[in-house]
Structure formats: C-alpha cells, structure tokens
$ cat target-v3.txt   # compact mmCIF, C-alpha atoms
# COMPACT_ATOMS: atom_id res chain seq x y z
CA MET A 1048 100.85 -60.09 34.45
CA LYS A 1049 102.59 -63.34 33.54
CA VAL A 1050 101.89 -64.62 30.02
CA LEU A 1051 102.81 -68.02 28.59
CA VAL A 1052 102.90 -68.08 24.80
CA PHE A 1053 102.24 -71.53 23.31
CA THR A 1054 102.98 -71.90 19.60
CA HIS A 1055 105.37 -73.46 17.12
CA HIS A 1056 105.14 -70.22 15.09
CA TYR A 1057 108.28 -68.60 16.45
CA PRO A 1058 111.87 -68.43 15.17
CA SER A 1059 114.51 -70.64 16.74
CA MET A 1060 118.19 -71.23 16.09
CA ARG A 1061 117.11 -74.27 14.06
CA LEU A 1062 114.50 -72.29 12.06
CA PRO A 1063 115.63 -68.64 12.12
CA THR A 1064 113.29 -67.56 9.30
CA MET A 1065 110.12 -68.91 10.95
CA ALA A 1066 107.26 -66.45 11.53
CA PRO A 1067 109.01 -63.08 11.95
CA TYR A 1068 105.60 -61.46 12.58
CA SER A 1069 105.19 -63.66 15.66
CA TYR A 1070 108.62 -62.63 16.88
CA HIS A 1071 107.73 -58.95 16.59
CA THR A 1072 104.33 -59.42 18.25
CA TYR A 1073 105.66 -61.29 21.28
CA ARG A 1074 108.73 -59.08 21.65
CA ALA A 1075 106.45 -56.03 21.77
CA LEU A 1076 104.19 -57.75 24.30
CA SER A 1077 107.18 -58.85 26.41
CA ARG A 1078 108.05 -55.18 26.98
CA ARG A 1079 104.70 -54.81 28.77
CA CYS A 1080 104.54 -57.95 30.91
CA GLU A 1081 106.48 -61.03 31.99
CA LEU A 1082 106.46 -63.50 29.13
CA ARG A 1083 107.81 -66.94 28.32
CA LEU A 1084 107.28 -69.10 25.27
CA VAL A 1085 106.82 -72.82 24.63
CA GLY A 1086 107.22 -74.00 21.04
CA PRO A 1087 106.17 -77.69 20.71
CA THR A 1088 108.41 -79.44 18.20
CA PRO A 1089 107.74 -82.85 16.59
CA TRP A 1090 110.43 -85.46 17.12
CA TRP A 1091 110.87 -86.20 13.41
CA THR A 1092 112.20 -82.69 12.74
CA ARG A 1093 114.94 -83.39 15.28
CA ALA A 1094 115.74 -87.01 14.52
CA ARG A 1095 119.14 -86.08 13.08
CA GLY A 1096 120.00 -83.59 15.81
CA ALA A 1097 121.73 -83.99 19.15
CA SER A 1098 120.18 -86.64 21.41
CA GLY A 1099 119.74 -84.11 24.21
CA GLU A 1100 117.54 -81.91 22.02
CA LEU A 1101 115.59 -84.91 20.76
CA LEU A 1102 114.76 -86.08 24.25
CA GLY A 1103 114.40 -82.83 26.14
CA GLY A 1104 114.20 -80.01 23.63
CA ALA A 1105 116.17 -76.79 23.50
CA ARG A 1106 116.00 -73.63 25.58
CA GLU A 1107 116.93 -70.38 23.84
CA SER A 1108 116.97 -66.70 24.69
CA HIS A 1109 118.82 -65.15 21.75
CA THR A 1110 115.59 -63.50 20.50
CA GLY A 1111 115.13 -61.70 23.81
CA ILE A 1112 112.42 -64.10 25.02
CA ASP A 1113 112.97 -67.12 27.25
CA ALA A 1114 111.79 -69.82 24.83
CA LEU A 1115 111.58 -73.57 25.33
CA PHE A 1116 111.20 -75.91 22.34
CA PRO A 1117 110.23 -79.29 23.86
CA THR A 1118 109.92 -82.42 21.74
CA TYR A 1119 106.57 -84.14 21.34
CA TRP A 1120 106.03 -87.69 20.16
CA SER A 1121 103.43 -88.44 17.51
CA ILE A 1122 103.14 -90.31 14.22
CA PRO A 1123 104.18 -88.45 11.06
CA GLY A 1124 101.42 -88.39 8.49
CA LEU A 1125 98.64 -88.72 11.07
CA PRO A 1126 97.92 -85.09 12.01
CA ARG A 1127 94.71 -86.00 13.82
CA LEU A 1128 96.90 -87.36 16.64
CA HIS A 1129 99.22 -84.38 17.02
CA ALA A 1130 97.26 -82.28 19.55
CA ARG A 1131 96.72 -85.23 21.87
CA ALA A 1132 100.37 -86.22 21.43
CA ILE A 1133 101.52 -82.72 22.41
CA HIS A 1134 99.37 -82.84 25.52
CA ALA A 1135 100.61 -86.28 26.53
CA SER A 1136 104.26 -85.53 25.74
CA LEU A 1137 104.43 -82.13 27.42
CA ARG A 1138 102.33 -82.59 30.56
CA GLY A 1139 105.39 -82.93 32.78
CA THR A 1140 107.15 -80.03 31.10
CA MET A 1141 104.13 -77.77 31.45
CA ALA A 1142 103.58 -78.75 35.09
CA GLY A 1143 107.20 -77.89 35.89
CA LEU A 1144 106.96 -74.61 34.05
CA ARG A 1145 103.77 -73.76 35.92
CA ARG A 1146 105.62 -74.14 39.23
CA GLU A 1147 108.59 -72.13 37.98
CA PHE A 1148 106.54 -69.47 36.20
CA PRO A 1149 102.95 -69.27 37.55
CA TYR A 1150 101.42 -67.73 34.45
CA ASP A 1151 98.07 -65.94 34.53
CA VAL A 1152 97.01 -66.66 30.96
CA ILE A 1153 98.04 -68.74 27.96
CA LEU A 1154 98.37 -66.96 24.62
CA ALA A 1155 98.45 -69.49 21.79
CA ALA A 1156 98.75 -69.14 18.03
CA TRP A 1157 97.78 -71.47 15.15
CA ALA A 1158 94.55 -73.40 15.50
CA TYR A 1159 95.87 -76.93 15.19
CA PRO A 1160 97.61 -78.56 16.90
CA ASP A 1161 98.78 -75.64 19.06
CA THR A 1162 95.49 -74.14 20.22
CA VAL A 1163 93.83 -77.53 20.71
CA ALA A 1164 96.69 -78.68 22.95
CA ALA A 1165 96.86 -75.30 24.72
CA ALA A 1166 93.16 -75.56 25.58
CA ALA A 1167 93.86 -78.72 27.57
CA PHE A 1168 96.80 -77.14 29.38
CA ALA A 1169 94.79 -73.99 30.18
CA ARG A 1170 91.95 -76.07 31.58
CA GLU A 1171 94.35 -78.04 33.79
CA ALA A 1172 96.07 -74.87 35.03
CA GLY A 1173 92.79 -73.06 35.62
CA VAL A 1174 93.78 -70.07 33.47
CA PRO A 1175 92.07 -68.43 30.49
CA LEU A 1176 93.19 -69.08 26.95
CA VAL A 1177 93.50 -66.48 24.19
CA THR A 1178 94.63 -67.57 20.76
CA THR A 1179 95.52 -66.10 17.38
CA VAL A 1180 94.64 -67.57 13.99
CA LEU A 1181 96.84 -66.72 11.04
CA GLY A 1182 95.53 -68.14 7.77
CA SER A 1183 95.69 -71.75 6.62
CA ASP A 1184 94.93 -72.96 10.13
CA ILE A 1185 91.40 -71.59 9.63
CA ASN A 1186 91.06 -71.52 5.84
CA GLU A 1187 92.31 -75.06 5.23
CA GLN A 1188 92.61 -77.24 8.35
CA PRO A 1189 88.86 -77.23 9.21
CA ARG A 1190 88.14 -78.73 5.77
CA ASN A 1191 89.30 -81.98 7.35
CA ALA A 1192 86.31 -83.19 9.36
CA VAL A 1193 88.47 -84.94 11.97
CA LEU A 1194 90.55 -81.83 12.58
CA ARG A 1195 87.49 -79.58 12.53
CA ALA A 1196 85.96 -81.69 15.31
CA GLN A 1197 88.97 -80.79 17.46
CA ILE A 1198 89.52 -77.21 16.28
CA ALA A 1199 86.00 -75.82 16.63
CA PRO A 1200 85.43 -76.78 20.32
CA ALA A 1201 88.90 -75.52 21.29
CA LEU A 1202 88.30 -72.14 19.65
CA GLN A 1203 84.84 -71.91 21.20
CA ARG A 1204 86.38 -72.36 24.66
CA CYS A 1205 88.82 -69.47 24.20
CA ALA A 1206 88.17 -66.26 26.09
CA ARG A 1207 89.14 -64.39 22.90
CA VAL A 1208 90.28 -65.39 19.44
CA VAL A 1209 92.40 -62.87 17.56
CA ALA A 1210 92.15 -62.94 13.76
CA VAL A 1211 94.79 -61.14 11.69
CA SER A 1212 92.16 -60.15 9.10
CA GLY A 1213 88.45 -59.51 8.95
CA ALA A 1214 88.04 -62.41 6.52
CA LEU A 1215 89.55 -64.81 9.06
CA GLY A 1216 87.28 -63.33 11.70
CA GLU A 1217 84.26 -64.35 9.64
CA ARG A 1218 85.63 -67.90 9.33
CA LEU A 1219 85.82 -68.04 13.12
CA VAL A 1220 82.17 -67.12 13.44
CA GLU A 1221 81.34 -69.88 10.95
CA LEU A 1222 83.19 -72.29 13.25
CA GLY A 1223 80.94 -71.33 16.14
CA VAL A 1224 83.08 -68.76 17.96
CA PRO A 1225 80.76 -66.09 19.41
CA ARG A 1226 81.25 -62.89 17.43
CA GLU A 1227 81.79 -60.87 20.61
CA ARG A 1228 84.86 -62.98 21.37
CA VAL A 1229 86.42 -62.45 17.95
CA VAL A 1230 89.00 -59.65 17.80
CA VAL A 1231 90.44 -58.50 14.48
CA GLN A 1232 94.00 -57.23 14.80
CA LEU A 1233 95.98 -56.54 11.66
CA ASN A 1234 99.70 -56.99 11.79
CA ALA A 1235 102.11 -54.08 11.91
CA VAL A 1236 105.44 -53.44 10.24
CA ASP A 1237 108.75 -52.16 11.52
CA GLY A 1238 108.81 -48.76 9.83
CA ALA A 1239 112.44 -48.17 10.78
CA ARG A 1240 113.67 -51.28 8.94
CA PHE A 1241 111.27 -51.03 6.02
CA SER A 1242 111.61 -47.50 4.71
CA ILE A 1243 111.78 -45.69 1.38
CA ARG A 1244 115.26 -46.17 -0.06
CA ASP A 1245 116.94 -45.53 -3.37
CA ARG A 1246 117.17 -48.57 -5.67
CA ALA A 1247 120.64 -48.01 -7.09
CA ALA A 1248 122.91 -49.39 -4.36
CA PRO A 1249 120.80 -52.49 -3.55
CA ARG A 1250 120.55 -53.35 -7.26
CA GLN A 1251 124.28 -53.08 -7.65
CA ARG A 1252 124.87 -55.40 -4.70
CA LEU A 1253 122.31 -57.91 -6.02
CA GLY A 1254 123.63 -57.81 -9.57
CA LEU A 1255 120.49 -56.32 -11.13
CA PRO A 1256 120.50 -53.95 -14.13
CA ALA A 1257 120.05 -50.36 -13.01
CA ASP A 1258 117.38 -49.66 -15.64
CA ALA A 1259 115.39 -52.90 -15.33
CA LYS A 1260 111.75 -53.14 -14.23
CA VAL A 1261 112.05 -55.39 -11.19
CA VAL A 1262 109.31 -57.51 -9.56
CA LEU A 1263 109.94 -59.14 -6.17
CA TYR A 1264 108.34 -62.12 -4.47
CA ALA A 1265 109.42 -63.08 -0.94
CA GLY A 1266 107.98 -66.04 0.93
CA TYR A 1267 107.52 -69.78 0.83
CA HIS A 1268 107.84 -71.53 -2.53
CA VAL A 1269 104.80 -73.78 -2.12
CA PRO A 1270 101.64 -74.27 -4.25
CA GLU A 1271 99.33 -72.19 -2.05
CA LYS A 1272 101.54 -69.14 -2.60
CA GLY A 1273 100.96 -69.26 -6.36
CA VAL A 1274 104.65 -68.93 -7.19
CA ASP A 1275 104.20 -71.22 -10.19
CA VAL A 1276 101.65 -68.76 -11.59
CA LEU A 1277 104.14 -65.92 -11.20
CA VAL A 1278 106.81 -67.77 -13.18
CA GLU A 1279 104.27 -68.54 -15.92
CA ALA A 1280 103.28 -64.86 -16.00
CA MET A 1281 106.94 -63.96 -16.52
CA GLY A 1282 107.08 -66.40 -19.43
CA ARG A 1283 104.09 -64.73 -21.06
CA LEU A 1284 105.60 -61.28 -20.61
CA ALA A 1285 108.79 -62.46 -22.31
CA GLU A 1286 106.78 -63.94 -25.19
CA GLY A 1287 105.00 -60.60 -25.52
CA GLY A 1288 108.28 -58.70 -25.83
CA ARG A 1289 108.56 -57.31 -22.29
CA ARG A 1290 112.12 -58.46 -21.75
CA ASP A 1291 112.85 -55.43 -19.60
CA VAL A 1292 110.91 -57.05 -16.72
CA HIS A 1293 113.06 -58.92 -14.20
CA LEU A 1294 111.89 -61.14 -11.34
CA MET A 1295 113.54 -61.75 -7.96
CA MET A 1296 112.19 -64.61 -5.85
CA VAL A 1297 113.38 -64.96 -2.26
CA GLY A 1298 112.53 -67.93 -0.08
CA GLY A 1299 112.43 -71.69 -0.27
CA GLY A 1300 110.15 -74.70 -0.19
CA ASP A 1301 109.09 -77.74 -2.17
CA LEU A 1302 108.71 -75.82 -5.43
CA LEU A 1303 112.10 -74.08 -5.40
CA GLU A 1304 113.94 -76.56 -7.65
CA PRO A 1305 110.94 -77.25 -9.94
CA LEU A 1306 110.59 -73.48 -10.43
CA ARG A 1307 114.26 -73.15 -11.31
CA ALA A 1308 113.75 -75.86 -13.93
CA ARG A 1309 110.69 -74.07 -15.29
CA VAL A 1310 112.60 -70.80 -15.51
CA ARG A 1311 115.20 -72.57 -17.64
CA ALA A 1312 112.51 -74.19 -19.80
CA LEU A 1313 110.90 -70.79 -20.44
CA GLY A 1314 114.25 -69.33 -21.47
CA LEU A 1315 114.02 -66.54 -18.93
CA GLY A 1316 117.74 -66.66 -18.15
CA ASP A 1317 118.93 -64.04 -15.67
CA ARG A 1318 115.61 -62.20 -15.94
CA ALA A 1319 114.18 -64.55 -13.29
CA ARG A 1320 116.48 -65.17 -10.35
CA LEU A 1321 115.58 -67.48 -7.47
CA PHE A 1322 117.82 -66.56 -4.55
CA GLY A 1323 116.66 -69.17 -2.02
CA TRP A 1324 116.19 -68.40 1.66
CA ALA A 1325 117.14 -65.04 3.13
CA LEU A 1326 117.15 -64.01 6.76
CA PRO A 1327 114.44 -61.53 7.83
CA ALA A 1328 117.13 -58.88 8.31
CA GLU A 1329 118.00 -59.15 4.61
CA ILE A 1330 114.50 -58.61 3.22
CA PRO A 1331 114.60 -54.76 3.34
CA GLU A 1332 117.50 -54.88 0.87
CA TYR A 1333 115.41 -56.83 -1.63
CA MET A 1334 112.43 -54.52 -1.10
CA ALA A 1335 114.60 -51.49 -1.82
CA ALA A 1336 115.84 -53.05 -5.07
CA CYS A 1337 112.41 -53.75 -6.59
CA ASP A 1338 109.83 -51.60 -8.35
CA VAL A 1339 106.78 -53.76 -7.57
CA PHE A 1340 106.11 -56.45 -5.00
CA CYS A 1341 103.98 -59.42 -6.10
CA LEU A 1342 102.04 -61.86 -3.92
CA PRO A 1343 100.26 -64.35 -6.24
CA SER A 1344 98.78 -66.55 -3.48
CA ARG A 1345 95.91 -68.95 -3.91
CA ARG A 1346 95.10 -68.60 -0.20
CA GLU A 1347 96.15 -66.05 2.43
CA GLY A 1348 95.51 -64.71 5.90
CA CYS A 1349 96.95 -61.24 6.52
CA PRO A 1350 100.31 -61.32 4.70
CA ASN A 1351 102.79 -59.16 6.57
CA VAL A 1352 105.07 -58.98 3.56
CA VAL A 1353 102.49 -56.77 1.84
CA LEU A 1354 102.78 -54.24 4.65
CA GLU A 1355 106.57 -54.42 4.45
CA ALA A 1356 106.46 -53.63 0.73
CA LEU A 1357 104.10 -50.69 1.19
CA ALA A 1358 106.19 -49.32 4.08
CA SER A 1359 109.15 -49.47 1.66
CA GLY A 1360 107.21 -47.31 -0.80
CA ARG A 1361 106.61 -50.12 -3.28
CA PRO A 1362 103.21 -50.89 -4.86
CA VAL A 1363 101.74 -54.37 -4.57
CA VAL A 1364 100.22 -56.67 -7.18
CA ALA A 1365 98.39 -59.48 -5.41
CA THR A 1366 95.50 -61.88 -5.69
CA ARG A 1367 92.04 -61.16 -4.33
CA VAL A 1368 92.11 -63.81 -1.59
CA GLY A 1369 91.81 -63.93 2.21
CA GLY A 1370 92.65 -60.68 3.97
CA VAL A 1371 94.65 -59.24 1.06
CA PRO A 1372 91.85 -56.87 -0.09
CA GLU A 1373 91.92 -55.37 3.42
CA LEU A 1374 95.50 -54.25 2.75
CA VAL A 1375 95.63 -53.56 -0.99
CA ARG A 1376 93.31 -50.89 -2.37
CA GLU A 1377 92.80 -50.23 -6.06
CA GLY A 1378 91.82 -47.13 -7.99
CA GLN A 1379 92.44 -43.46 -7.31
CA GLY A 1380 94.68 -43.11 -4.29
CA GLY A 1381 95.17 -46.88 -4.14
CA ASN A 1382 98.34 -48.77 -3.30
CA GLY A 1383 98.25 -51.68 -5.73
CA ILE A 1384 96.35 -53.95 -8.09
CA LEU A 1385 94.33 -57.10 -7.32
CA VAL A 1386 93.77 -60.01 -9.71
CA PRO A 1387 92.06 -63.42 -9.55
CA ALA A 1388 94.16 -66.26 -8.19
CA GLY A 1389 95.64 -68.80 -10.59
CA ASP A 1390 95.52 -66.61 -13.72
CA PRO A 1391 99.00 -65.96 -15.19
CA GLY A 1392 97.59 -63.77 -17.98
CA ALA A 1393 95.82 -61.42 -15.58
CA LEU A 1394 98.82 -61.41 -13.27
CA GLY A 1395 101.22 -60.50 -16.08
CA SER A 1396 98.98 -57.69 -17.30
CA ALA A 1397 98.68 -56.29 -13.77
CA LEU A 1398 102.45 -56.40 -13.29
CA VAL A 1399 102.93 -54.38 -16.50
CA ARG A 1400 100.34 -51.83 -15.40
CA ALA A 1401 101.98 -51.48 -12.00
CA LEU A 1402 105.48 -51.21 -13.47
CA ASP A 1403 104.38 -48.57 -15.97
CA THR A 1404 102.53 -46.47 -13.37
CA ALA A 1405 104.15 -43.53 -11.55
CA TRP A 1406 103.47 -44.28 -7.86
CA ASP A 1407 104.00 -41.90 -4.96
CA PRO A 1408 106.25 -43.75 -2.47
CA GLU A 1409 105.20 -41.56 0.44
CA ALA A 1410 101.52 -42.18 -0.25
CA LEU A 1411 102.17 -45.93 -0.43
CA ARG A 1412 103.95 -45.83 2.92
CA GLY A 1413 101.11 -43.75 4.35
CA SER A 1414 98.64 -46.51 3.50
CA VAL A 1415 100.11 -48.77 6.21
CA GLY A 1416 98.04 -48.70 9.38
CA ALA A 1417 100.82 -49.25 11.96
CA LEU A 1418 104.51 -48.60 11.36
CA SER A 1419 105.46 -49.92 14.79
CA TRP A 1420 104.87 -53.28 16.45
CA ASP A 1421 104.32 -51.44 19.72
CA VAL A 1422 100.78 -50.74 18.49
CA VAL A 1423 100.15 -54.49 18.33
CA GLY A 1424 101.90 -55.08 21.67
CA ASP A 1425 99.66 -52.49 23.34
CA ARG A 1426 96.54 -54.09 21.85
CA TYR A 1427 97.46 -57.59 23.00
CA HIS A 1428 98.37 -56.35 26.47
CA ALA A 1429 95.04 -54.52 26.82
CA LEU A 1430 93.18 -57.58 25.53
CA LEU A 1431 94.84 -59.94 28.02
CA GLU A 1432 94.20 -57.51 30.87
CA GLU A 1433 90.56 -57.36 29.82
CA VAL A 1434 90.29 -61.15 29.87
CA LEU A 1435 91.90 -61.38 33.30
CA GLY A 1436 89.60 -58.63 34.57
CA GLU A 1437 86.59 -60.60 33.41
CA ARG A 1438 87.95 -63.68 35.17
CA ARG A 1439 88.25 -61.65 38.40
CA GLY A 1440 84.81 -60.12 37.89
CA VAL A 1441 86.24 -56.63 37.35
CA GLY A 1442 84.90 -54.12 34.89
$ encode --input "target-v3.txt" --output "structure tokens"
Amino acid sequence: MKVLVFTHHYPSMRLPTMAPYSYHTYRALSRRCELRLVGPTPWWTRARGASGELLGGARESHTGIDALFPTYWSIPGLPRLHARAIHASLRGTMAGLRREFPYDVILAAWAYPDTVAAAAFAREAGVPLVTTVLGSDINEQPRNAVLRAQIAPALQRCARVVAVSGALGERLVELGVPRERVVVQLNAVDGARFSIRDRAAPRQRLGLPADAKVVLYAGYHVPEKGVDVLVEAMGRLAEGGRRDVHLMMVGGGDLLEPLRARVRALGLGDRARLFGWALPAEIPEYMAACDVFCLPSRREGCPNVVLEALASGRPVVATRVGGVPELVREGQGGNGILVPAGDPGALGSALVRALDTAWDPEALRGSVGALSWDVVGDRYHALLEEVLGERRGVG
C-alpha cells in the first residue's frame, strides 16, 4: 500500500517543534506501508528564506519520512482563499508526485485548508481520502460561515474521518459526516521516553529548589491555551501565602513576552520561570522535574501532553474542555483534577489540592491507554486497508 500524507502538521527543519504527535503517527504508519508526505507551506512564512525554497519548496528526510514542503501562493489575512490557492499552486507538484509515487490513498490532517485541498487532489487522482481532525480545526474554524461552507462538504466526501477524541467525533457528526464514517482514535505516548524518573537530577540541572512544589505547563503560549489564567492563579497562590509553589512554563507564542511582564508585575520572581521553546526531545526532562502538570486551556482536542505527563507518573490539573475529560479522571483511582476554563481561583485551588495529594506514579502511568505509537500505526494501517478494500469491493 502506498500512502500520501497531506498536511502542514508535521515537523520540518524550519519548524522542528511542530506537531510531534503527527511525527509519531506517520513514522509508525511508515513502518507498515510505503509513505510520503506533502506539507503545503504559505509563501509568507518563507519570504525571508532562500529563493529556491520560496519558489520550489524544500525536500527533507531527516525525520525518516520523505517529506516535501512546497510553497503555495495566497493572500495573508484572507483564509477563505487558502484551500483553493493550495490546489492551484500545487497541481503541477502533485501531478509529478503521482507519476513518481502512484499512491493508493491520501491521508490528510487538519480540516482547513489541508483537507479541503486534499479532497480536490484525491478526486483528480481517483483515490479515496481519509483525514484526521485535531481540535481547533473543528471546534473553531467552522464558526466562520465561509470556511464551514468549504469544510463540511470536504469532510462529508471523506471515506473516513479520524477524530482524536470522542468530543471531536460528535462535532463531525454535527457537520454532516455520517456517524459510521467517524473513527475515534486517541493518541498514544512513547512510554520509553516518558517514564517515571526521580526529580532530583532534573531539578538540579534546571535550577529548581529540591524541596519546591513544582507545576509545569508545556505548549503554545496563546490565549486559547489559558496560560494567562495559570499565571494569574500563581499570583493568587502567592497572595495566599503558598510561596513554596513554583511554575515552569515551556513553549512560545504571542503571549510569551506579555506573560513575562505579568510575572514581574505580580512579584513572582524566580517562582515562575518561562523557559521559551524546547525541542520535543527535551520535554521528558521537564516532566521529570515537576510534581503536577497543568493544562489550563480554553479549548482543546485530545492534548497529547496530558498523556506524556501521566506516562511520566505525574498527575494532571486541567480544564473541562474538549477531549480532556476523556483522558483525566477525577475521584477515587483518578489521575487528576478538572476545573472550569478561565477561572484562576478554581485553578489555583486545584493545583494546591494536587500538590498536597500523595499520588501513585505507577497508577498514573497505568491510566494511559497506549504506551507505544505502534498501536496507533496499526490502527491507521488497518483503517486504510479497510477503505481500499471497500473501494475494490472486498469484504
């Protein structure tokens, strides 16, 4: 079976921290079939790069997958044009790739513009399309009526649509995708990399007090992730006398510098440290150093970082949004605490409860459904084989 993956959600040399869950999914699948990847890239993200990349894109294989990142030409700030622009810009590239690599199926990810453009390419090639939705592409993008008018028909034409949480699966049904074509597949975690480790050595390397109560956030520093709420919660804890609680924040985005300013304004000092971006390979070190992982998002799909924390034997405090309640269970035998989104008081109280609770690291790790991405690779391979069998009239 020859599979062409079509998505911008994949790490490149230019964006090495992009979508590590996609990397693991496609690497696992590539061990079961022949696979290549096309990652459409808008010209404005390359305008300052080498002219060869701007005009023709880059081809990379350092991740173990033959990946092409061709440039498409659209108008920044007018997203309604992007899917059509991808199709128009990449028709020659896709036709050449089809001759070089006669793929049997297209596997896309992210509803817009990727899946909408992939639907046109699949129709032209006469192959089925399977796609994966990940979160904001279903929770937010369809709120725009113009985008919804493109997204819904493209998803309805897919042979299968994979949702990374049950909540996203229900959104697909609301968009008109037949329920029998919706497949819920939770992400996995690399249990070898994310394992139960002692805190002492990582804390020493990161400059953290050995006896501190440490909360970790890792991810984008953008409004939808609720990172501003987390910083405010830390301020309230400090006001209430809990100066033993320290916060590590790893990642970057539009709110990184404003959050640093807010940390200074709240007088948190070294008790709240914003490290900036870290490579995926570095995240296990931060997980090992913390006592509790926090995900204060306002919106979510199926956040893989929650599984990484649990596999590391760390409890999770998160908001009750998206697919998070499918991963975090409260009460007796639970693995974390859920709170409403946007409430720094509730978040701070939950962090204190989690930090003051004696958790069983082995039980937390045992709450993760799949500690190997091979489980996900097997499921995708079986799903694509099923789709191709239906196309051939088999089974």
$ residues_around --input "target-v3.txt" --residues "Val1174 (chain A)" --least-positions-apart "4" --cutoff "9 Å" --atoms "all atoms listed in the file" --output "NGL selection string"
:A and (1150-1153 or 1168-1170 or 1435 or 1438)
$ residues_near_point --input "target-v3.txt" --point "(119.4, -66.8, -12.7)" --cutoff "12 Å" --atoms "all atoms listed in the file" --output "PyMOL selection string"
chain A and resi 1253-1255+1293-1296+1306-1311+1314-1323
$ closest_residue --input "target-v3.txt" --among "A:Lys1272, A:Arg1289, A:Arg1426, A:Arg1131" --to "Ala1165 (chain A)" --atoms "only C-alpha atoms"
A:Arg1131
$ atom_distance --input "target-v3.txt" --atom1 "CA of Ala1135 (chain A)" --atom2 "CA of Thr1179 (chain A)"
22.7 Å
$ closest_residue --input "target-v3.txt" --among "A:Arg1195, A:Arg1290, A:Arg1074, A:His1056" --to "Trp1157 (chain A)" --atoms "all atoms listed in the file"
A:His1056
$ closest_atom_pairs --input "target-v3.txt" --of "region 1197-1313 of chain A" --to "region 1334-1354 of chain A" --cutoff "7 Å" --atoms "only C-alpha atoms" --output "JSON lines"
{"residue": "A:Val1211", "atom": "CA", "partner": "A:Cys1349", "partner_atom": "CA", "distance": 5.6}
{"residue": "A:Ser1212", "atom": "CA", "partner": "A:Cys1349", "partner_atom": "CA", "distance": 5.5}
{"residue": "A:Leu1215", "atom": "CA", "partner": "A:Gly1348", "partner_atom": "CA", "distance": 6.7}
{"residue": "A:Asn1234", "atom": "CA", "partner": "A:Asn1351", "partner_atom": "CA", "distance": 6.4}
{"residue": "A:Val1236", "atom": "CA", "partner": "A:Leu1354", "partner_atom": "CA", "distance": 6.2}
{"residue": "A:Arg1244", "atom": "CA", "partner": "A:Ala1335", "partner_atom": "CA", "distance": 5.6}
{"residue": "A:Asp1245", "atom": "CA", "partner": "A:Ala1335", "partner_atom": "CA", "distance": 6.6}
{"residue": "A:Arg1246", "atom": "CA", "partner": "A:Ala1336", "partner_atom": "CA", "distance": 4.7}
{"residue": "A:Pro1249", "atom": "CA", "partner": "A:Ala1336", "partner_atom": "CA", "distance": 5.2}
{"residue": "A:Arg1250", "atom": "CA", "partner": "A:Ala1336", "partner_atom": "CA", "distance": 5.2}
{"residue": "A:Lys1260", "atom": "CA", "partner": "A:Asp1338", "partner_atom": "CA", "distance": 6.4}
{"residue": "A:Val1261", "atom": "CA", "partner": "A:Cys1337", "partner_atom": "CA", "distance": 4.9}
{"residue": "A:Val1262", "atom": "CA", "partner": "A:Val1339", "partner_atom": "CA", "distance": 4.9}
{"residue": "A:Leu1263", "atom": "CA", "partner": "A:Phe1340", "partner_atom": "CA", "distance": 4.8}
{"residue": "A:Tyr1264", "atom": "CA", "partner": "A:Cys1341", "partner_atom": "CA", "distance": 5.4}
{"residue": "A:Glu1271", "atom": "CA", "partner": "A:Arg1345", "partner_atom": "CA", "distance": 5.1}
{"residue": "A:Lys1272", "atom": "CA", "partner": "A:Ser1344", "partner_atom": "CA", "distance": 3.9}
{"residue": "A:Gly1273", "atom": "CA", "partner": "A:Ser1344", "partner_atom": "CA", "distance": 4.5}
{"residue": "A:Val1274", "atom": "CA", "partner": "A:Pro1343", "partner_atom": "CA", "distance": 6.4}
{"residue": "A:Leu1277", "atom": "CA", "partner": "A:Pro1343", "partner_atom": "CA", "distance": 6.5}
$ atom_distance --input "target-v3.txt" --atom1 "CA of Gly1124 (chain A)" --atom2 "CA of Ala1192 (chain A)"
16.0 Å
$ atom_distance --input "target-v3.txt" --atom1 "CA of Arg1228 (chain A)" --atom2 "CA of Gly1440 (chain A)"
16.8 Å
$ closest_residue --input "target-v3.txt" --among "A:Arg1400, A:Asp1390, A:Thr1118, A:Leu1082" --to "Thr1366 (chain A)" --atoms "all atoms listed in the file"
A:Asp1390
$ closest_residue --input "target-v3.txt" --among "A:Leu1128, A:Pro1387, A:Pro1063, A:Pro1123" --to "His1109 (chain A)" --atoms "only C-alpha atoms"
A:Pro1063
$ decode --input "target-v3.txt" --residues "region 1311-1354 of chain A" --atoms "C-alpha atoms" --output "mmCIF file, in the first residue's frame"
data_model
loop_
_atom_site.group_PDB
_atom_site.id
_atom_site.type_symbol
_atom_site.label_atom_id
_atom_site.label_comp_id
_atom_site.auth_asym_id
_atom_site.auth_seq_id
_atom_site.Cartn_x
_atom_site.Cartn_y
_atom_site.Cartn_z
ATOM 1 C CA ARG A 1311 7.207 40.608 37.067
ATOM 2 C CA ALA A 1312 4.141 42.716 37.897
ATOM 3 C CA LEU A 1313 2.842 40.006 40.247
ATOM 4 C CA GLY A 1314 6.198 39.846 42.018
ATOM 5 C CA LEU A 1315 6.550 36.126 41.419
ATOM 6 C CA GLY A 1316 10.295 36.362 40.825
ATOM 7 C CA ASP A 1317 12.018 33.033 40.232
ATOM 8 C CA ARG A 1318 8.912 31.154 41.361
ATOM 9 C CA ALA A 1319 7.532 31.457 37.810
ATOM 10 C CA ARG A 1320 10.058 30.729 35.085
ATOM 11 C CA LEU A 1321 9.224 30.954 31.385
ATOM 12 C CA PHE A 1322 11.859 28.945 29.524
ATOM 13 C CA GLY A 1323 10.702 29.568 25.945
ATOM 14 C CA TRP A 1324 10.722 26.877 23.286
ATOM 15 C CA ALA A 1325 12.176 23.440 23.925
ATOM 16 C CA LEU A 1326 12.690 20.629 21.464
ATOM 17 C CA PRO A 1327 10.397 17.596 21.852
ATOM 18 C CA ALA A 1328 13.392 15.538 22.991
ATOM 19 C CA GLU A 1329 13.824 17.887 25.959
ATOM 20 C CA ILE A 1330 10.272 17.675 27.308
ATOM 21 C CA PRO A 1331 10.790 14.434 29.322
ATOM 22 C CA GLU A 1332 13.377 16.305 31.416
ATOM 23 C CA TYR A 1333 10.836 18.956 32.359
ATOM 24 C CA MET A 1334 8.196 16.313 33.095
ATOM 25 C CA ALA A 1335 10.589 14.515 35.427
ATOM 26 C CA ALA A 1336 11.298 17.748 37.325
ATOM 27 C CA CYS A 1337 7.669 18.635 38.099
ATOM 28 C CA ASP A 1338 5.154 17.418 40.675
ATOM 29 C CA VAL A 1339 1.996 18.327 38.739
ATOM 30 C CA PHE A 1340 1.320 19.071 35.097
ATOM 31 C CA CYS A 1341 -1.226 21.805 34.306
ATOM 32 C CA LEU A 1342 -3.167 22.361 31.093
ATOM 33 C CA PRO A 1343 -5.447 25.415 31.598
ATOM 34 C CA SER A 1344 -6.844 25.520 28.037
ATOM 35 C CA ARG A 1345 -9.983 27.323 26.988
ATOM 36 C CA ARG A 1346 -10.347 24.901 24.055
ATOM 37 C CA GLU A 1347 -8.746 21.523 23.297
ATOM 38 C CA GLY A 1348 -8.859 18.442 21.117
ATOM 39 C CA CYS A 1349 -7.003 15.453 22.552
ATOM 40 C CA PRO A 1350 -3.887 17.005 24.135
ATOM 41 C CA ASN A 1351 -1.005 14.572 23.844
ATOM 42 C CA VAL A 1352 0.949 16.391 26.520
ATOM 43 C CA VAL A 1353 -1.555 15.103 29.092
ATOM 44 C CA LEU A 1354 -0.689 11.530 28.149
#
